[in-house]
$ cat my_file_13.cif   # mmCIF, C-alpha atoms and all ligand atoms
data_entry
#
loop_
_atom_site.label_atom_id
_atom_site.label_comp_id
_atom_site.auth_asym_id
_atom_site.auth_seq_id
_atom_site.Cartn_x
_atom_site.Cartn_y
_atom_site.Cartn_z
CA MET A 1 92.48 40.07 105.42
CA ILE A 2 93.64 43.50 104.35
CA ARG A 3 91.90 46.23 106.30
CA ILE A 4 91.42 49.91 105.57
CA ASN A 5 92.42 52.94 107.59
CA GLU A 6 88.98 53.41 109.12
CA ASN A 7 89.68 57.05 109.89
CA TYR A 8 88.90 57.65 106.22
CA THR A 9 85.31 56.54 106.83
CA LYS A 10 84.89 59.46 109.25
CA LEU A 11 85.49 61.98 106.46
CA LYS A 12 82.41 63.83 105.32
CA ALA A 13 81.22 61.95 102.25
CA SER A 14 81.44 64.67 99.64
CA TYR A 15 83.99 67.28 98.84
CA LEU A 16 82.80 70.86 98.46
CA PHE A 17 84.15 71.47 94.98
CA ALA A 18 82.87 68.12 93.73
CA ASP A 19 79.36 69.12 94.90
CA ILE A 20 79.69 72.46 93.15
CA ALA A 21 80.92 70.80 89.96
CA LYS A 22 77.95 68.42 90.03
CA ARG A 23 75.42 71.25 90.33
CA VAL A 24 77.18 73.39 87.72
CA GLY A 25 77.39 70.35 85.40
CA ALA A 26 73.65 69.69 85.76
CA TYR A 27 72.86 73.36 85.15
CA THR A 28 75.11 73.55 82.08
CA ALA A 29 73.62 70.36 80.60
CA ALA A 30 70.13 71.82 80.98
CA ASN A 31 71.12 75.33 79.78
CA PRO A 32 73.88 74.91 77.20
CA GLN A 33 73.08 78.32 75.69
CA SER A 34 73.96 80.30 78.85
CA PRO A 35 77.33 79.19 80.27
CA ALA A 36 78.10 80.07 83.88
CA ILE A 37 80.97 82.35 84.94
CA ARG A 38 83.02 80.65 87.64
CA LEU A 39 83.96 82.85 90.57
CA GLY A 40 84.06 79.78 92.77
CA ILE A 41 87.33 77.83 92.80
CA GLY A 42 90.47 79.74 93.79
CA ASP A 43 92.53 78.91 90.72
CA VAL A 44 94.42 81.61 88.86
CA THR A 45 93.57 82.51 85.27
CA GLU A 46 96.46 84.67 84.03
CA PRO A 47 99.60 83.19 82.40
CA LEU A 48 102.98 82.91 84.12
CA PRO A 49 105.04 86.14 84.30
CA PRO A 50 107.47 86.50 81.35
CA ALA A 51 110.50 86.41 83.71
CA CYS A 52 109.41 82.95 84.91
CA ILE A 53 108.77 81.72 81.37
CA ASP A 54 112.24 82.89 80.26
CA ALA A 55 113.85 81.09 83.21
CA LEU A 56 111.82 77.97 82.50
CA HIS A 57 112.95 77.93 78.86
CA ALA A 58 116.60 78.54 79.76
CA ALA A 59 116.57 75.79 82.41
CA THR A 60 114.88 73.40 80.00
CA ASP A 61 117.72 74.03 77.54
CA GLU A 62 120.21 73.22 80.32
CA MET A 63 118.50 69.84 80.69
CA ALA A 64 119.17 69.18 76.99
CA ASN A 65 122.92 69.55 77.39
CA ARG A 66 125.16 66.90 78.98
CA ALA A 67 127.35 69.57 80.63
CA THR A 68 124.44 71.30 82.37
CA PHE A 69 121.96 68.43 82.72
CA LYS A 70 120.58 67.85 86.24
CA GLY A 71 119.38 64.58 87.70
CA TYR A 72 118.12 64.31 91.25
CA GLY A 73 118.55 67.59 93.06
CA PRO A 74 118.65 68.15 96.82
CA GLU A 75 115.30 67.02 98.28
CA GLN A 76 115.07 70.25 100.28
CA GLY A 77 115.51 72.40 97.18
CA TYR A 78 118.44 73.99 95.34
CA GLY A 79 120.56 76.41 97.33
CA PHE A 80 119.93 79.21 94.81
CA LEU A 81 116.19 79.20 95.61
CA ARG A 82 116.49 78.64 99.36
CA GLU A 83 118.94 81.56 99.57
CA LEU A 84 116.65 83.85 97.60
CA VAL A 85 113.70 82.99 99.81
CA ALA A 86 115.67 83.60 103.02
CA ALA A 87 117.09 86.90 101.74
CA SER A 88 114.07 88.33 99.91
CA ASP A 89 111.03 87.01 101.76
CA TYR A 90 112.54 87.17 105.23
CA ALA A 91 115.77 89.18 105.72
CA GLU A 92 114.34 92.09 103.71
CA ARG A 93 111.41 92.19 106.14
CA GLY A 94 113.62 91.96 109.21
CA CYS A 95 113.03 88.24 109.87
CA ARG A 96 115.93 85.94 110.71
CA ILE A 97 115.44 82.81 108.59
CA GLU A 98 118.42 80.79 107.37
CA PRO A 99 118.41 79.25 103.86
CA ASP A 100 118.59 75.74 105.34
CA GLU A 101 115.41 76.42 107.32
CA VAL A 102 113.54 76.68 103.99
CA PHE A 103 112.20 73.44 102.46
CA ILE A 104 111.20 73.75 98.80
CA SER A 105 108.24 71.56 97.79
CA ASP A 106 105.70 71.00 95.07
CA GLY A 107 102.88 72.75 96.90
CA SER A 108 101.52 74.11 100.14
CA LYS A 109 98.58 71.74 99.95
CA CYS A 110 100.95 68.79 100.37
CA ASP A 111 103.01 70.58 103.02
CA CYS A 112 99.97 71.64 105.09
CA GLY A 113 98.63 68.12 104.76
CA ASN A 114 101.88 66.27 105.48
CA ILE A 115 103.22 68.33 108.37
CA GLN A 116 100.90 66.71 110.92
CA GLU A 117 102.88 63.44 110.51
CA ILE A 118 105.69 64.74 112.72
CA PHE A 119 103.37 65.32 115.69
CA ALA A 120 101.88 62.81 118.14
CA THR A 121 98.45 61.44 117.29
CA ASP A 122 96.98 62.63 120.58
CA VAL A 123 97.93 66.32 120.40
CA ARG A 124 95.12 68.81 121.00
CA LEU A 125 94.13 70.57 117.78
CA ALA A 126 92.84 74.10 117.36
CA ILE A 127 91.50 74.79 113.86
CA PRO A 128 89.56 77.80 112.58
CA ASP A 129 86.02 77.57 111.24
CA PRO A 130 85.51 78.35 108.36
CA VAL A 131 88.72 76.82 107.07
CA TYR A 132 90.76 75.54 104.12
CA PRO A 133 89.54 71.90 104.40
CA VAL A 134 93.02 70.31 104.13
CA TYR A 135 93.94 71.10 107.76
CA VAL A 136 90.90 69.27 109.12
CA ASP A 137 90.73 66.34 106.72
CA THR A 138 94.40 65.35 107.05
CA ASN A 139 94.03 65.20 110.83
CA VAL A 140 90.88 63.11 110.48
CA MET A 141 92.78 60.70 108.20
CA ALA A 142 95.57 60.48 110.78
CA GLY A 143 93.12 59.55 113.53
CA ARG A 144 93.39 62.73 115.61
CA THR A 145 89.60 63.23 115.74
CA GLY A 146 86.46 61.39 116.63
CA ALA A 147 83.33 61.19 114.52
CA ASN A 148 81.74 64.04 112.63
CA VAL A 149 78.73 65.12 114.66
CA ASP A 150 76.51 67.83 113.20
CA GLY A 151 79.23 69.06 110.89
CA ARG A 152 82.05 69.12 113.45
CA TYR A 153 84.62 66.50 114.37
CA GLU A 154 84.94 65.47 117.98
CA GLY A 155 88.36 66.26 119.39
CA ILE A 156 88.98 69.54 117.53
CA LEU A 157 88.87 72.87 119.32
CA TYR A 158 87.17 74.98 116.66
CA LEU A 159 88.15 78.64 116.46
CA ASP A 160 85.01 80.43 115.31
CA SER A 161 85.59 83.20 112.78
CA THR A 162 82.40 85.21 112.62
CA SER A 163 81.19 88.76 112.02
CA ARG A 164 81.40 89.23 115.82
CA ASN A 165 85.20 88.88 115.88
CA GLY A 166 85.80 90.37 112.43
CA TYR A 167 86.50 86.82 111.18
CA VAL A 168 89.77 86.65 113.14
CA PRO A 169 89.51 84.26 116.11
CA ALA A 170 90.94 85.36 119.44
CA VAL A 171 93.08 82.95 121.45
CA PRO A 172 90.86 80.44 123.28
CA ASP A 173 90.63 79.99 127.05
CA ALA A 174 91.45 76.29 126.67
CA PRO A 175 94.96 75.04 125.85
CA ALA A 176 95.85 73.50 122.47
CA ASP A 177 99.08 71.96 121.16
CA LEU A 178 98.81 72.34 117.39
CA ILE A 179 97.18 75.47 116.01
CA TYR A 180 96.37 76.16 112.38
CA LEU A 181 96.21 79.80 111.31
CA CYS A 182 95.85 81.17 107.78
CA PHE A 183 96.26 84.86 106.96
CA PRO A 184 95.27 86.37 104.58
CA ASN A 185 92.52 83.86 105.08
CA ASN A 186 90.99 81.42 102.70
CA PRO A 187 87.97 81.56 102.57
CA THR A 188 87.24 84.86 104.39
CA GLY A 189 89.97 87.11 102.98
CA ALA A 190 90.42 88.52 106.51
CA VAL A 191 93.90 89.52 107.70
CA ALA A 192 95.30 89.46 111.25
CA THR A 193 96.81 92.56 112.81
CA ARG A 194 100.21 92.53 114.49
CA ALA A 195 98.52 92.64 117.92
CA GLN A 196 96.34 89.64 117.05
CA LEU A 197 99.35 87.63 115.87
CA GLU A 198 101.31 88.66 118.95
CA ALA A 199 98.51 87.25 121.10
CA TRP A 200 98.71 83.94 119.19
CA VAL A 201 102.49 83.73 119.53
CA ALA A 202 102.22 84.46 123.28
CA TYR A 203 99.51 81.78 123.59
CA ALA A 204 101.70 79.24 121.78
CA ARG A 205 104.71 80.06 123.96
CA ARG A 206 102.58 79.75 127.14
CA ASN A 207 101.21 76.38 126.07
CA LYS A 208 104.43 75.00 124.50
CA ALA A 209 102.34 74.72 121.35
CA VAL A 210 103.15 75.01 117.64
CA ILE A 211 101.42 77.37 115.20
CA LEU A 212 101.14 76.18 111.60
CA PHE A 213 100.93 79.49 109.78
CA ASP A 214 99.67 79.31 106.20
CA SER A 215 100.54 82.54 104.41
CA ALA A 216 99.88 81.32 100.87
CA TYR A 217 98.25 84.69 100.10
CA GLU A 218 100.79 87.04 101.75
CA SER A 219 101.66 88.69 98.44
CA TYR A 220 98.14 90.20 98.35
CA ILE A 221 98.71 92.24 101.52
CA ARG A 222 98.81 95.94 100.66
CA ASP A 223 98.29 97.43 104.12
CA PRO A 224 101.88 98.11 105.32
CA GLY A 225 100.80 97.62 108.95
CA ILE A 226 99.74 94.00 108.43
CA PRO A 227 102.50 91.39 109.00
CA ARG A 228 103.21 89.22 105.98
CA SER A 229 104.98 86.55 107.96
CA ILE A 230 104.46 85.11 111.43
CA TYR A 231 108.22 85.59 111.90
CA GLU A 232 107.67 89.36 111.97
CA ILE A 233 106.36 88.68 115.48
CA GLU A 234 108.98 88.54 118.23
CA GLY A 235 109.46 85.00 119.52
CA ALA A 236 107.67 83.29 116.62
CA ARG A 237 110.81 81.40 115.58
CA ASP A 238 110.37 79.22 118.67
CA VAL A 239 106.71 78.35 118.06
CA ALA A 240 105.80 78.56 114.37
CA ILE A 241 106.13 76.81 111.03
CA GLU A 242 105.21 78.87 107.96
CA PHE A 243 103.87 77.72 104.58
CA ARG A 244 104.15 79.78 101.42
CA SER A 245 103.42 79.03 97.80
CA PHE A 246 104.29 80.41 94.38
CA SER A 247 100.79 79.38 93.28
CA LYS A 248 99.04 82.62 94.04
CA ILE A 249 102.15 84.88 94.02
CA ALA A 250 103.08 84.07 90.45
CA GLY A 251 100.38 81.84 89.01
CA PHE A 252 102.18 78.52 89.71
CA THR A 253 99.00 76.53 90.48
CA GLY A 254 99.70 74.29 87.48
CA THR A 255 103.51 74.63 87.69
CA ARG A 256 103.87 73.59 91.36
CA CYS A 257 106.38 75.18 93.69
CA ALA A 258 106.07 76.19 97.32
CA TYR A 259 108.08 76.18 100.51
CA THR A 260 107.83 75.51 104.21
CA VAL A 261 109.95 77.23 106.85
CA VAL A 262 110.91 75.23 109.94
CA PRO A 263 113.25 77.26 112.20
CA LYS A 264 115.98 75.28 113.89
CA THR A 265 115.03 76.80 117.24
CA LEU A 266 111.54 75.25 117.12
CA MET A 267 111.17 72.34 119.56
CA ALA A 268 108.60 69.71 120.44
CA TRP A 269 108.75 67.12 123.20
CA ASP A 270 108.62 63.34 123.49
CA ARG A 271 106.60 61.48 126.12
CA ALA A 272 109.58 61.53 128.49
CA GLY A 273 109.83 65.31 128.23
CA ASN A 274 112.94 65.45 126.04
CA ALA A 275 113.02 68.32 123.53
CA HIS A 276 113.51 67.55 119.82
CA PRO A 277 114.10 70.09 117.03
CA LEU A 278 111.21 69.87 114.55
CA HIS A 279 113.63 70.92 111.80
CA ALA A 280 115.36 67.53 112.08
CA LEU A 281 112.05 65.65 112.02
CA TRP A 282 110.72 67.53 109.00
CA ASN A 283 114.05 67.13 107.22
CA ARG A 284 113.83 63.37 107.85
CA ARG A 285 110.24 63.23 106.63
CA HIS A 286 110.88 65.40 103.57
CA THR A 287 114.01 63.56 102.45
CA THR A 288 112.40 60.16 102.98
CA LYS A 289 109.14 60.84 101.15
CA PHE A 290 109.94 63.60 98.66
CA ASN A 291 112.51 63.77 95.87
CA GLY A 292 112.64 67.46 95.07
CA VAL A 293 110.97 69.91 92.71
CA ALA A 294 112.02 69.84 89.05
CA TYR A 295 115.06 72.00 88.35
CA PRO A 296 113.39 74.15 85.64
CA ILE A 297 110.47 74.85 87.98
CA GLN A 298 112.83 75.97 90.76
CA ARG A 299 114.61 78.24 88.26
CA ALA A 300 111.22 79.69 87.26
CA ALA A 301 110.42 80.29 90.95
CA ALA A 302 113.81 81.96 91.47
CA ALA A 303 112.95 84.37 88.64
CA VAL A 304 110.13 85.73 90.80
CA TYR A 305 112.87 87.48 92.84
CA SER A 306 114.57 89.19 89.88
CA ALA A 307 113.81 92.88 89.28
CA GLU A 308 111.50 92.00 86.35
CA GLY A 309 109.98 89.11 88.29
CA ARG A 310 109.15 91.35 91.22
CA SER A 311 107.43 93.97 89.10
CA GLN A 312 105.60 91.39 86.98
CA THR A 313 104.28 89.45 89.98
CA ARG A 314 103.28 92.70 91.64
CA ALA A 315 101.33 93.61 88.50
CA LEU A 316 99.68 90.17 88.56
CA THR A 317 98.54 90.42 92.18
CA ASP A 318 97.49 94.05 91.59
CA PHE A 319 95.36 92.86 88.70
CA TYR A 320 93.51 90.27 90.83
CA LEU A 321 93.16 92.82 93.64
CA GLY A 322 91.56 95.17 91.09
CA ASN A 323 88.99 92.45 90.43
CA ALA A 324 88.55 92.00 94.17
CA ARG A 325 87.84 95.69 94.65
CA LEU A 326 85.17 95.63 91.94
CA ILE A 327 83.53 92.58 93.54
CA ARG A 328 83.58 93.98 97.05
CA ASP A 329 82.21 97.37 95.90
CA ALA A 330 79.45 95.76 93.85
CA MET A 331 78.35 93.38 96.62
CA GLY A 332 78.50 96.24 99.15
CA LYS A 333 76.27 98.37 96.90
CA LEU A 334 73.79 95.50 96.81
CA GLY A 335 73.58 95.78 100.61
CA PHE A 336 75.77 92.86 101.67
CA ALA A 337 78.37 93.16 104.44
CA CYS A 338 81.71 91.91 103.09
CA VAL A 339 85.23 91.27 104.34
CA GLY A 340 88.36 90.50 102.35
CA GLY A 341 89.27 91.69 98.89
CA ASP A 342 91.55 94.50 100.08
CA ASN A 343 94.51 92.38 101.22
CA ALA A 344 93.32 89.07 99.77
CA PRO A 345 91.90 87.68 96.52
CA TYR A 346 88.72 86.44 98.24
CA ILE A 347 85.61 88.34 99.27
CA TRP A 348 83.51 86.82 102.03
CA VAL A 349 79.94 87.97 101.62
CA ASN A 350 77.43 87.79 104.45
CA VAL A 351 74.33 86.84 102.44
CA GLY A 352 72.16 86.28 105.50
CA THR A 353 70.48 83.18 104.03
CA ASP A 354 71.31 79.51 103.54
CA SER A 355 74.55 79.52 101.59
CA TRP A 356 73.62 76.67 99.19
CA GLN A 357 70.29 78.42 98.52
CA PHE A 358 72.19 81.59 97.59
CA PHE A 359 74.55 79.49 95.45
CA ASP A 360 71.59 77.98 93.57
CA GLN A 361 70.00 81.40 93.12
CA MET A 362 73.22 82.82 91.68
CA LEU A 363 73.63 79.84 89.36
CA SER A 364 70.08 79.77 88.03
CA LYS A 365 69.34 83.51 87.92
CA ALA A 366 72.76 85.05 87.23
CA GLN A 367 74.69 82.12 85.76
CA VAL A 368 77.51 82.88 88.20
CA VAL A 369 79.25 80.28 90.35
CA VAL A 370 80.17 81.34 93.87
CA THR A 371 81.30 79.07 96.73
CA PRO A 372 78.80 78.30 99.51
CA GLY A 373 80.37 79.25 102.83
CA SER A 374 78.94 76.25 104.66
CA GLY A 375 81.35 74.06 102.67
CA PHE A 376 84.21 75.57 104.69
CA GLY A 377 82.65 74.86 108.09
CA LYS A 378 79.66 75.54 110.29
CA CYS A 379 80.53 79.22 110.75
CA GLY A 380 80.54 79.62 106.97
CA GLU A 381 76.78 79.19 106.86
CA GLY A 382 75.04 82.39 105.73
CA HIS A 383 78.09 83.40 103.65
CA VAL A 384 79.53 82.85 100.20
CA ARG A 385 83.12 83.21 99.01
CA ILE A 386 83.66 85.08 95.76
CA SER A 387 87.06 84.62 94.14
CA ALA A 388 88.85 87.43 92.29
CA PHE A 389 90.77 84.95 90.13
CA ASN A 390 89.29 85.61 86.72
CA SER A 391 89.57 87.92 83.72
CA ARG A 392 88.36 91.51 84.16
CA GLU A 393 85.77 90.93 81.47
CA ASN A 394 84.29 87.92 83.29
CA VAL A 395 84.26 89.71 86.62
CA GLU A 396 82.45 92.73 85.17
CA LYS A 397 79.97 90.52 83.34
CA ALA A 398 79.34 88.41 86.46
CA LEU A 399 78.76 91.47 88.65
CA ALA A 400 76.29 92.95 86.16
CA ARG A 401 74.41 89.65 86.11
CA ILE A 402 74.34 89.40 89.92
CA ALA A 403 72.99 92.96 90.19
CA ALA A 404 70.29 92.22 87.60
CA ALA A 405 69.32 88.94 89.31
CA LEU A 406 68.93 90.61 92.70
CA ALA A 407 67.15 93.74 91.42
C1 LIG B 501 95.12 78.57 102.26
C2 LIG B 501 95.75 77.76 101.19
N1 LIG B 501 96.86 77.07 101.46
C3 LIG B 501 97.45 76.32 100.55
C4 LIG B 501 96.93 76.21 99.27
C5 LIG B 501 97.58 75.29 98.28
O1 LIG B 501 98.53 75.88 97.54
P1 LIG B 501 99.43 75.04 96.53
O2 LIG B 501 98.94 75.35 95.15
O3 LIG B 501 100.82 75.52 96.79
O4 LIG B 501 99.28 73.59 96.85
C6 LIG B 501 95.78 76.90 98.92
C7 LIG B 501 95.23 76.77 97.58
O5 LIG B 501 94.18 77.21 97.23
C8 LIG B 501 95.17 77.68 99.92
O6 LIG B 501 94.06 78.35 99.67
#
$ encode --input "my_file_13.cif" --output "structure tokens"
Amino acid sequence: MIRINENYTKLKASYLFADIAKRVGAYTAANPQSPAIRLGIGDVTEPLPPACIDALHAATDEMANRATFKGYGPEQGYGFLRELVAASDYAERGCRIEPDEVFISDGSKCDCGNIQEIFATDVRLAIPDPVYPVYVDTNVMAGRTGANVDGRYEGILYLDSTSRNGYVPAVPDAPADLIYLCFPNNPTGAVATRAQLEAWVAYARRNKAVILFDSAYESYIRDPGIPRSIYEIEGARDVAIEFRSFSKIAGFTGTRCAYTVVPKTLMAWDRAGNAHPLHALWNRRHTTKFNGVAYPIQRAAAAVYSAEGRSQTRALTDFYLGNARLIRDAMGKLGFACVGGDNAPYIWVNVGTDSWQFFDQMLSKAQVVVTPGSGFGKCGEGHVRISAFNSRENVEKALARIAAALA
């Protein structure tokens, strides 16, 4: 008799965005004359930068010509893109990352979800709360947790991010082996200072642990004092893997291109105490289960690093940050304490009431969709996430409606 992976039955039954879609669907069916503005899901709204479109067209033409046609490419990504990433995203910021330490993929969601496969099933996990749900759910699926009791899985050391610590968790007293960190953070929009990241790197080195550092939103950092990469911290090469994505840098959410950096100096140990480079394990995993990102998409991603690409993507992230500023100012004027929005496209609003209740109030009274914080974890209760990914017109309209609904 075929049996299921019973770890899947431990997963919380519903998915946050499915719940939101259900409520928004019911509202829209009952009120077809007043459509809701969605400041909930973190998907981009603006088209791809022209430099990327030009590269995409040119590469598509290459695929139409026998002399320049490409079949399977290297699973780890074409050299032209890996070299640009190493030179522009790392060397320019003083980080030593080699091109062959960069693994090109079709998304950070897959990478963040798949990376846990190369670690033992009994490693001790430390995961922030609130959190991007992929880190937790993929470990539940792999059997690294017990049951979900009162909204938390047994076997995870939760790192509370609350107003008390400015939504950036300090290193815990207890040891952990695999630590997930995400800065700028989804959902809170908080960023970690150099000193805070130094403390995490020191903790990981002390505990022979690995930090999985998700910096999908690094291109929104404007404060020059805030590190954009974990590798800006001395010693991080020996303890950290970093995930980045073109999704939010350049609007590639529907185009799909990202990368993961695994330094060759990063080790993990087998039961007998022998050290193994994680680079070799991830290379094995990636080449066995992944067959590379489409050539035209990698060319479009490479265009992000051209002079025009840089200025166009900067304009794109500036545009969303302009929305974020409007949202944060408006919610602040309404008396809510907020974080995020200055170095991140998300604003985390302390609404002081049940987050689903606030969601329902916004939907029914303002016709605006926000994301209930409790969907990201226990510590998200009492908060909502507002996303800056929308047109200026929609953001302004939504903020006027929120102000009127709360007046
Ligand atoms: C923190 C974080 N990591 C990763 C991703 C996924 O990015 P990608 O589109 O590259 O899969 C997201 C998407 O919203 C995210 O918020």
$ residues_near_point --input "my_file_13.cif" --point "(78.6, 91.5, 86.0)" --cutoff "12 Å" --atoms "only C-alpha atoms" --output "PyMOL selection string"
chain A and resi 36-39+323+326-327+330-331+362+366-368+391-406
$ closest_residue --input "my_file_13.cif" --among "A:Asp329, A:Asp173, A:Glu381, A:Asp106" --to "ligand LIG 501 (chain B)" --atoms "all atoms listed in the file"
A:Asp106
$ residues_near_ligand --input "my_file_13.cif" --ligand "ligand LIG 501 (chain B)" --cutoff "8 Å" --atoms "all atoms listed in the file" --output "tab-separated table (two decimals) with C-alpha atoms, keeping the file's coordinate frame"
chain	number	residue	atom	x	y	z
A	42	GLY	CA	90.47	79.74	93.79
A	43	ASP	CA	92.53	78.91	90.72
A	106	ASP	CA	105.70	71.00	95.07
A	107	GLY	CA	102.88	72.75	96.90
A	108	SER	CA	101.52	74.11	100.14
A	109	LYS	CA	98.58	71.74	99.95
A	110	CYS	CA	100.95	68.79	100.37
A	111	ASP	CA	103.01	70.58	103.02
A	112	CYS	CA	99.97	71.64	105.09
A	132	TYR	CA	90.76	75.54	104.12
A	182	CYS	CA	95.85	81.17	107.78
A	183	PHE	CA	96.26	84.86	106.96
A	185	ASN	CA	92.52	83.86	105.08
A	186	ASN	CA	90.99	81.42	102.70
A	187	PRO	CA	87.97	81.56	102.57
A	214	ASP	CA	99.67	79.31	106.20
A	215	SER	CA	100.54	82.54	104.41
A	216	ALA	CA	99.88	81.32	100.87
A	217	TYR	CA	98.25	84.69	100.10
A	243	PHE	CA	103.87	77.72	104.58
A	244	ARG	CA	104.15	79.78	101.42
A	245	SER	CA	103.42	79.03	97.80
A	246	PHE	CA	104.29	80.41	94.38
A	247	SER	CA	100.79	79.38	93.28
A	248	LYS	CA	99.04	82.62	94.04
A	252	PHE	CA	102.18	78.52	89.71
A	253	THR	CA	99.00	76.53	90.48
A	254	GLY	CA	99.70	74.29	87.48
A	256	ARG	CA	103.87	73.59	91.36
A	257	CYS	CA	106.38	75.18	93.69
A	258	ALA	CA	106.07	76.19	97.32
$ closest_residue --input "my_file_13.cif" --among "A:Tyr158, A:Phe103, A:Phe359, A:Tyr180" --to "Gly373 (chain A)" --atoms "only C-alpha atoms"
A:Phe359
$ residues_around --input "my_file_13.cif" --residues "region 335-348 of chain A" --least-positions-apart "4" --cutoff "7 Å" --atoms "all atoms listed in the file" --output "count of residues only"
22
$ residues_around --input "my_file_13.cif" --residues "Leu266 (chain A)" --least-positions-apart "4" --cutoff "12 Å" --atoms "all atoms listed in the file" --output "ChimeraX atom specification"
/A:101,204-205,208-212,235-242,261-262,275-282
$ atom_distance --input "my_file_13.cif" --atom1 "CA of Glu62 (chain A)" --atom2 "CA of Glu83 (chain A)"
21.0 Å
$ residues_near_point --input "my_file_13.cif" --point "(103.0, 95.3, 109.1)" --cutoff "9 Å" --atoms "only C-alpha atoms" --output "list in words"
Thr193, Arg194, Asp223, Pro224, Gly225, Ile226, Pro227, Arg228 and Glu232 of chain A
$ atom_distance --input "my_file_13.cif" --atom1 "CA of Gly94 (chain A)" --atom2 "CA of Val304 (chain A)"
19.7 Å
$ atom_distance --input "my_file_13.cif" --atom1 "CA of Tyr259 (chain A)" --atom2 "CA of Tyr295 (chain A)"
14.6 Å
$ closest_residue --input "my_file_13.cif" --among "A:Gln196, A:Ile104, A:Met1, A:Pro263" --to "Gly73 (chain A)" --atoms "all atoms listed in the file"
A:Ile104
$ closest_residue --input "my_file_13.cif" --among "A:Arg152, A:Lys365, A:Arg285, A:Arg271" --to "Lys378 (chain A)" --atoms "only C-alpha atoms"
A:Arg152
$ residues_around --input "my_file_13.cif" --residues "Gly375 (chain A)" --least-positions-apart "2" --cutoff "12 Å" --atoms "all atoms listed in the file" --output "MDAnalysis selection string"
chainID A and resid 12 14:20 40 129:133 151:152 187 354:356 359 370:373 377:385
$ residues_around --input "my_file_13.cif" --residues "Pro49 (chain A)" --least-positions-apart "6" --cutoff "8 Å" --atoms "all atoms listed in the file" --output "mmCIF file with C-alpha atoms, in the frame of the given file"
data_model
loop_
_atom_site.group_PDB
_atom_site.id
_atom_site.type_symbol
_atom_site.label_atom_id
_atom_site.label_comp_id
_atom_site.auth_asym_id
_atom_site.auth_seq_id
_atom_site.Cartn_x
_atom_site.Cartn_y
_atom_site.Cartn_z
ATOM 1 C CA ALA A 250 103.080 84.070 90.450
ATOM 2 C CA GLY A 251 100.380 81.840 89.010
ATOM 3 C CA GLY A 309 109.980 89.110 88.290
ATOM 4 C CA GLN A 312 105.600 91.390 86.980
ATOM 5 C CA THR A 313 104.280 89.450 89.980
ATOM 6 C CA LEU A 316 99.680 90.170 88.560
#
$ residues_around --input "my_file_13.cif" --residues "Asn139 (chain A)" --least-positions-apart "6" --cutoff "9 Å" --atoms "all atoms listed in the file" --output "PyMOL selection string"
chain A and resi 113+116+121+125+145
$ closest_residue --input "my_file_13.cif" --among "A:Val24, A:Ile230, A:Cys52, A:Ile127" --to "Val171 (chain A)" --atoms "only C-alpha atoms"
A:Ile127
$ closest_residue --input "my_file_13.cif" --among "A:Ser311, A:Thr45, A:Thr353, A:Ser105" --to "Ile297 (chain A)" --atoms "all atoms listed in the file"
A:Ser105
